[in-house]
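A.B. asks: One structure, pasted below without further comment.
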Amino acid sequence: MTFIAKPKLRHPELQRNKHGFTRRDYEGAVSTLCAGCGHDSISAAIIQACYELELPPHRVAKLSGIGCSSKTPTYFLGNAHGFNSVHGRMPSVLTGANLANRDLIYLGVSGDGDSASIGLGQFAHILRRGVNMVYIVENNGVYGLTKGQFSATADRGSKSKRGVENHSASIDLVMLAIELGATYVARGFSGDKSQLVPLIKGAISHRGAAFIDCISPCIAFNNHSGSTKGFDYVREHNEAVNFLDVMTPRDEITADYAPGSVQEIKQHDGTVLRLRKISEDYDVHDRVAAMHYLQKSKAAGDIVTGVLHVDPESPDLHDTLGTVSAPLNSLGKKELCPGKSAIDKFNAARR
Amino acid sequence: MPERKINNFVIKFANVNGSGSASANKLFARSILRMGVPVSARNIFPSNIQGLPTWYEVRVSEKGHLGSRGGVDIMVAMNAQSWNQDQLDIESGGYLIYDSSRPVPASKFRTDITVIGIPITDICNREFKDPRQRQLFRNMVYLGALSSLLAIDIAEVERLIQEQFSSKEALVSPNVQALHFGMDYAAEHFDCPIGFRVKRSSSVGSKIFIDGNSAAALGCVYGGATVAAWYPITPSSSLAESYEKFCKTYRHDHDTGRNSFASIQAEDELASIGMVIGASWNGARAFTCTSGPGISLMQEFIGLAYFAEIPAVIFDVQRGGPSTGMPTRTQQSDILSCAYASHGDTKQILLIPSDPKECFDFGYQAFDFAEKFQTPVFVMSDLDIGMNDHLTDPLEWNDEITYDRGKILSKESLDELAQFGRYLDVDGDGVPYRTLPGTHPSKGAFFTRGTSRDRYAKYSESGVDYQDNMQRLQRKFEQLRTQLPAAIIEEGKTKASIGVIYYGSTEPAMKEALQYLEEDGVSLDSMRIRAFPFGDEVSEFIDSYDRVFLVEQNRDAQMKSLLVSECNVDPNRITSILHYNGSPITARFIRSEITQSLDALKPSRKRKSISQKS
């Protein structure tokens with residue numbers, strides 16, 4: 001239960017980062033999800049990524065919608081504010097929060113029901129606005145809390161636990177995100193932490209709308225034969241196109257890869273995304289080619305993972321709006337109120 | 001010359017939507033104001049961009065009666081589509097002014113009115129080459145003709161044209177030319193001025209001419225709102241657009257090119273309120289503006305803001321409902337859907353302005369109430385106040401006013417605090433302390449949620465925790481009774497046994513009706529409700545009279561329902577007067593309804609006749 005506090009006991013020699021935090025300081029309450037749930041692995045990956053990036057935990061704001069995935073922000077970054085909003089509407093709440101204070105790191109956590117069904121509209125619009133954030137969908141193709149109904153990301157032809165076949169086409173959130181203008185798009189698998197942690201780190205260091213679709217098997221309702229979101233199926237069909245190393249500005253750059261096999265992308269904050277290519281002909285900069293590749297792989301039944309698209313230079317929502325560099329929530333009457341003299345002029349012009 | 005026709009008439013312009021008449025019509029109204037004579041102006045417009053009939057009605061009233069009067073003394077009939085009905089609307093003895101470029105058979109005219117034909121199209125075709133100018137300047141030609149016919153000082157009109165086109169100097173002279181063509185034609189062909197006329201006066205004083213949406217938007221700027229999220233919907237869109245316009249003046253740093261505001265046209269009303277809640281949760285002052293359909297869409301989020309205690313300011317510029325209803329007509333029909341917005345047990349703050357001045361005042365005050373009480377606040381304007389220009393008291397701002405941000409804990413106060421509980425009632429007023437994200441490395445973080453929780457914001461399904469929280473929310477709401485704008489009570493000239501309650505845009509019509517009723521020998525005390533929850537003065541007022549009328553602009557007597565359920569009032573003591581055809585309520589209507597109702601009570605008394613004079 002979420003009100004069970006984790007014991008504060010910790011190994012005295014746990015490593016500390018530059019803020020003096022150990023990995024434990026990035027944890028939250030004990031998870032109440034099913035034992036073995038893929039979502040818990042994602043929470044662990046988020047904790048690891050934030051620890052490795054040495055983020056001050058309280059400078060992160062965690063926002064979510066409704067569903068199993070949306071419960072998870074309680075289970076990481078206990079010293080960060082969290083907001084469990086309403087079903088499918090996390091994106092608008094996150095957008096508003098981001099407008100109020102551009103200096104925090106915004107982490108939106110959602111599920112496939114939350115983002116692909118009830119919240120598809122808000123999913124689309126937050127990406128096209130270029131809100132600076134990390135948006136993770138913990139994608140299991142099924143409604144867990146309401147006991148096993150298909151979600152809109154369930155593949156056509158896949159079977160539910162009770163053997164019912166899904167006849168509707170699936171929504172591919174990665175394709176949509178690239179189409180809608182997300183500037184960092186990746187897909188991971190909760191069963192592959194070594195791949196997922198750098199994907200999250202890359203997304204956090206990206207300025208702009210970063211989206212990660214993370215396949216996260218539901219061990220209670222969607223991990224059987226006939227499912228295309230179960231551990232076995234995803235492992236068999238996982239086609240990683242690259243492997244990411246995230247090099248922060250203080251990391252020593254060592255490069256001894258064969259030419260052409262590594263692509264380096266400098267992000268706005270100085271972080272370098274070093275992509276070791278697995279698929280020779282996959283170029284994360286080429287949006288159109290990426291979409292073509294993804295379509296082809298999908299038709300072949302493969303699940304493409306890795307960094308799928310990056311545009312490190314596009315403006316975020318605050319750039320577009322031309323807002324001041326100070327967070328709007330830090331401005332007071334002095335900066336905001338035109339005062340009496342202005343109102344006298346205003347009145348005079350309306351006589 | 002009968003005195004009653006001087007500075008006392010209603011003129012209506014029947015135009016085609018999209019023909020550029022709006023600015024000329026506004027010039028007409030403002031030129032009379034510049035002569036010191038009060039006017040009110042109302043747009044009656046269709047849900048359409050081009051082609052359908054639209055009207056602009058100006059009431060000229062030396063006495064300052066600025067509600068809609070009903071009836072028309074002078075009709076400027078510029079639209080063939082509505083010609084027949086427009087002519088029928090003229091009161092006997094009135095005037096019809098029309099474009100006589102195409103001959104109209106005499107049989108087409110009423111005989112009990114005066115018909116004035118001006119060959120407007122002919123004049124424009126003769127004088128202007130450009131087809132768009134020929135079309136646009138028709139409006140200036142009739143404006144010029146009216147100056148002669150009604151004795152409007154042409155110099156005032158010219159000055160206004162100069163002010164309006166100060167940045168586009170080239171437009172001044174053709175506009176003034178067109179004005180003079182009309183003026184000269186009327187002066188040569190008719191005995192000017194006609195019966196109705198304008199005479200310079202000093203009754204306007206320091207009042208200003210402004211629409212409620214602009215005033216509310218300026219209130220948001222003064223109130224320190226930095227985030228606006230909205231979805232276009234009539235009649236509220238101009239509030240958001242005005243906010244952006246004012247911010248470009250007052251919140252734009254010309255040196256850096258940066259803005260200290262963010263306005264987002266959202267994808268729908270759900271996203272609008274979601275952004276407002278997100279921004280407010282994170283410590284910015286944020287608002288949305290919408291109308292009935294948007295309020296329906298926002299219900300779930302409003303419940304979250306109520307329950308999770310997040311400030312939010314919502315302007316509801318009401319229009320005719322239900323459903324799409326009458327999107328371009330006025331009503332007061334969202335009272336209940338806002339007062340009890342969302343599922344479960346909820347109660348919301350309503351502020352009910354009656355004119356643009358109060359839209360400004362309540363506009364900036366709403367942010368204080370929302371933050372102080374950590375809850376949504378509705379500003380219940382309507383189309384009549386919001387989209388029409390009204391003569392209103394000048395907007396006032398005192399530089400001593402400070403923003404009341406409510407109970408927000410800083411890093412320093414968190415350091416001193418032994419234990420933080422987001423929903424702990426520390427001060428016994430039901431209002432807990434909140435923290436903003438990013439404030440403190442190790443204290444004050446909590447999880448905001450719409451689920452039940454304990455006083456420390458920890459998820460809880462315990463009935464005890466749930467009830468504890470709901471009762472605290474009720475305590476918080478109860479104390480609002482003394483903190484919101486109180487009802488305004490005015491006594492009649494003689495001791496009255498009858499009271500009348502009204503609210504919002506009904507005010508000008510109500511005040512005028514009270515004066516007529518006084519003249520009829522019926523003295524009433526009146527009360528204008530300005531906020532919900534109601535202060536004690538509201539139920540005390542109802543208790544002090546044998547009989548109470550309640551005037552509303554909706555079908556279902558929504559304010560009466562609210563009074564009956566919240567003040568434990570006997571519903572039989574309240575007689576509803578309901579106006580809901582979409583046009584603004586008039587003094588004539590109120591007077592006649594109250595008179596009829598009182599007469600029905602006294603069958604022995606001979607019924608008093610009501611004269612139509614105003």
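Please note that chains go A, B, ... in the order of the structure tokens, that every chain numbers its residues from 1, and that ligands are numbered from 1 in the order shown.
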Could you list, as a PyMOL selection string, the residues of chain A having an atom within 6 Å of chain B when counting only C-alpha atoms?
C.D. replies: chain A and resi 58-59+79-84+92-97+100+322-324+329+336-337+339-340+347+350-351
A.B. asks: I'd like the contact shell of Gly130 in chain A - 8 Å cut-off, only C-alpha atoms, skipping same-chain residues fewer than 6 positions apart - returned as a list of chain:residue names.
C.D. replies: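 Near Gly130 in chain A, the qualifying residues are A:Gly181, A:Ala182, A:Thr183, A:Gly208, A:Ala209, A:Pro315, A:Asp316, A:Leu317.
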A.B. asks: Please provide as a list in words all residues within 8 Å of range 73-76 of chain B, with the sequence filter that same-chain residues fewer than 2 positions apart are discarded (counting only C-alpha atoms).
C.D. replies: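 In the requested format, the answer is Phe9, Val10, Ile11, Lys12, Phe13, Ala14, Gly71, Met78, Asp86, Gln87, Ile90, Glu91, Gly93, Gly94, Tyr95, Leu96, Ile97 and Tyr98 of chain B.
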A.B. asks: Do a neighbour search on range 149-160 of chain B at 7 Å with only C-alpha atoms, toss out local chain neighbours closer than 4 positions, and write the hits as a list in words.
C.D. replies: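 Close residues of range 149-160 of chain B: Leu27, Ser31, Ile32, Arg34, Ala145, Gln164, Val176, Ala186, Cys192, Pro193, Ile194, Phe196, Arg197 and Val198 of chain B.
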A.B. asks: Store the residues of this selection in a file with C-alpha atoms, as a PDB file, in the first residue's frame.
C.D. replies:
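As a result, part.pdb now contains:
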```
ATOM      1  CA  LEU B  27     -19.036  55.956 -34.169  1.00  0.00           C
ATOM      2  CA  SER B  31     -20.475  60.817 -31.040  1.00  0.00           C
ATOM      3  CA  ILE B  32     -23.627  61.143 -28.923  1.00  0.00           C
ATOM      4  CA  ARG B  34     -19.128  62.969 -26.746  1.00  0.00           C
ATOM      5  CA  ALA B 145     -27.305  61.840 -42.863  1.00  0.00           C
ATOM      6  CA  GLN B 164      -9.895  55.865 -34.946  1.00  0.00           C
ATOM      7  CA  VAL B 176     -14.977  62.331 -43.639  1.00  0.00           C
ATOM      8  CA  ALA B 186     -30.111  65.144 -45.654  1.00  0.00           C
ATOM      9  CA  CYS B 192     -33.537  68.977 -40.131  1.00  0.00           C
ATOM     10  CA  PRO B 193     -33.487  68.109 -37.335  1.00  0.00           C
ATOM     11  CA  ILE B 194     -36.476  65.809 -37.186  1.00  0.00           C
ATOM     12  CA  PHE B 196     -36.083  63.091 -32.294  1.00  0.00           C
ATOM     13  CA  ARG B 197     -32.826  64.813 -31.726  1.00  0.00           C
ATOM     14  CA  VAL B 198     -29.665  65.045 -29.670  1.00  0.00           C
TER      15      VAL B 198
END
```
A.B. asks: Pick out each residue of range 79-299 of chain A that DSSP on the backbone tags as strand (DSSP E); I need them as number ranges by chain.
C.D. replies: A: 81-84, 105-111, 133-139, 142-143, 149-150, 184-189, 209-215, 238-240, 242-247, 262-266, 272-277
A.B. asks: For Gln85 in chain B, please output as a compact mmCIF listing (two decimals) with C-alpha atoms, in the first residue's frame all residues within 12 Å (counting only C-alpha atoms; exclusion window: fewer than 3 positions along the same chain).
C.D. replies:
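Result file follows (around14.txt):
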```
# COMPACT_ATOMS: atom_id res chain seq x y z
CA ALA B 14 -30.63 46.87 -39.56
CA PRO B 53 -29.24 40.09 -40.73
CA VAL B 72 -37.80 51.36 -31.92
CA MET B 75 -35.12 52.37 -37.93
CA ALA B 77 -33.23 49.83 -42.64
CA ASN B 79 -31.13 45.16 -45.10
CA ALA B 80 -33.76 43.99 -47.62
CA GLN B 81 -33.98 40.57 -45.93
CA SER B 82 -35.38 41.96 -42.72
CA LEU B 88 -43.16 46.54 -38.13
CA ASP B 89 -40.89 47.12 -35.12
CA ILE B 90 -41.12 50.92 -35.41
CA LYS B 108 -44.57 49.10 -49.04
CA PHE B 109 -44.52 51.76 -46.35
CA ARG B 110 -46.50 52.05 -43.18
```
A.B. asks: Identify, on the basis of only C-alpha atoms, every residue whose closest approach to range 480-488 of chain B does not exceed 6 Å; exclude the query and any residue fewer than 3 positions from it along the same chain; express the result as a list in words.
C.D. replies: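 With the cut-off at 6 Å, the set is Phe477, Met527, Arg528, Ile529, Arg530, Pro533, Phe534 and Gly535 of chain B.
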A.B. asks: To one decimal place, how far is CA of Tyr26 in chain A from CA of Gly78 in chain A in Å?
C.D. replies: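 Rounded to one decimal, the two atoms are 6.7 Å apart.
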A.B. asks: Would you kindly return, as a VMD selection string, each protein, DNA or RNA residue with an atom no farther than 12 Å from any atom of Ala509 in chain B, considering only C-alpha atoms and excluding same-chain residues fewer than 4 positions away?
C.D. replies: chain B and resid 40 64 to 70 354 502 to 505 513 to 516 551 to 553 579 584 to 591 614
A.B. asks: Of the residues A:Val185, A:Val234, A:Asn222, A:Ser151, which is the one nearest to Gly163 in chain A, using only C-alpha atoms?
C.D. replies: A:Asn222
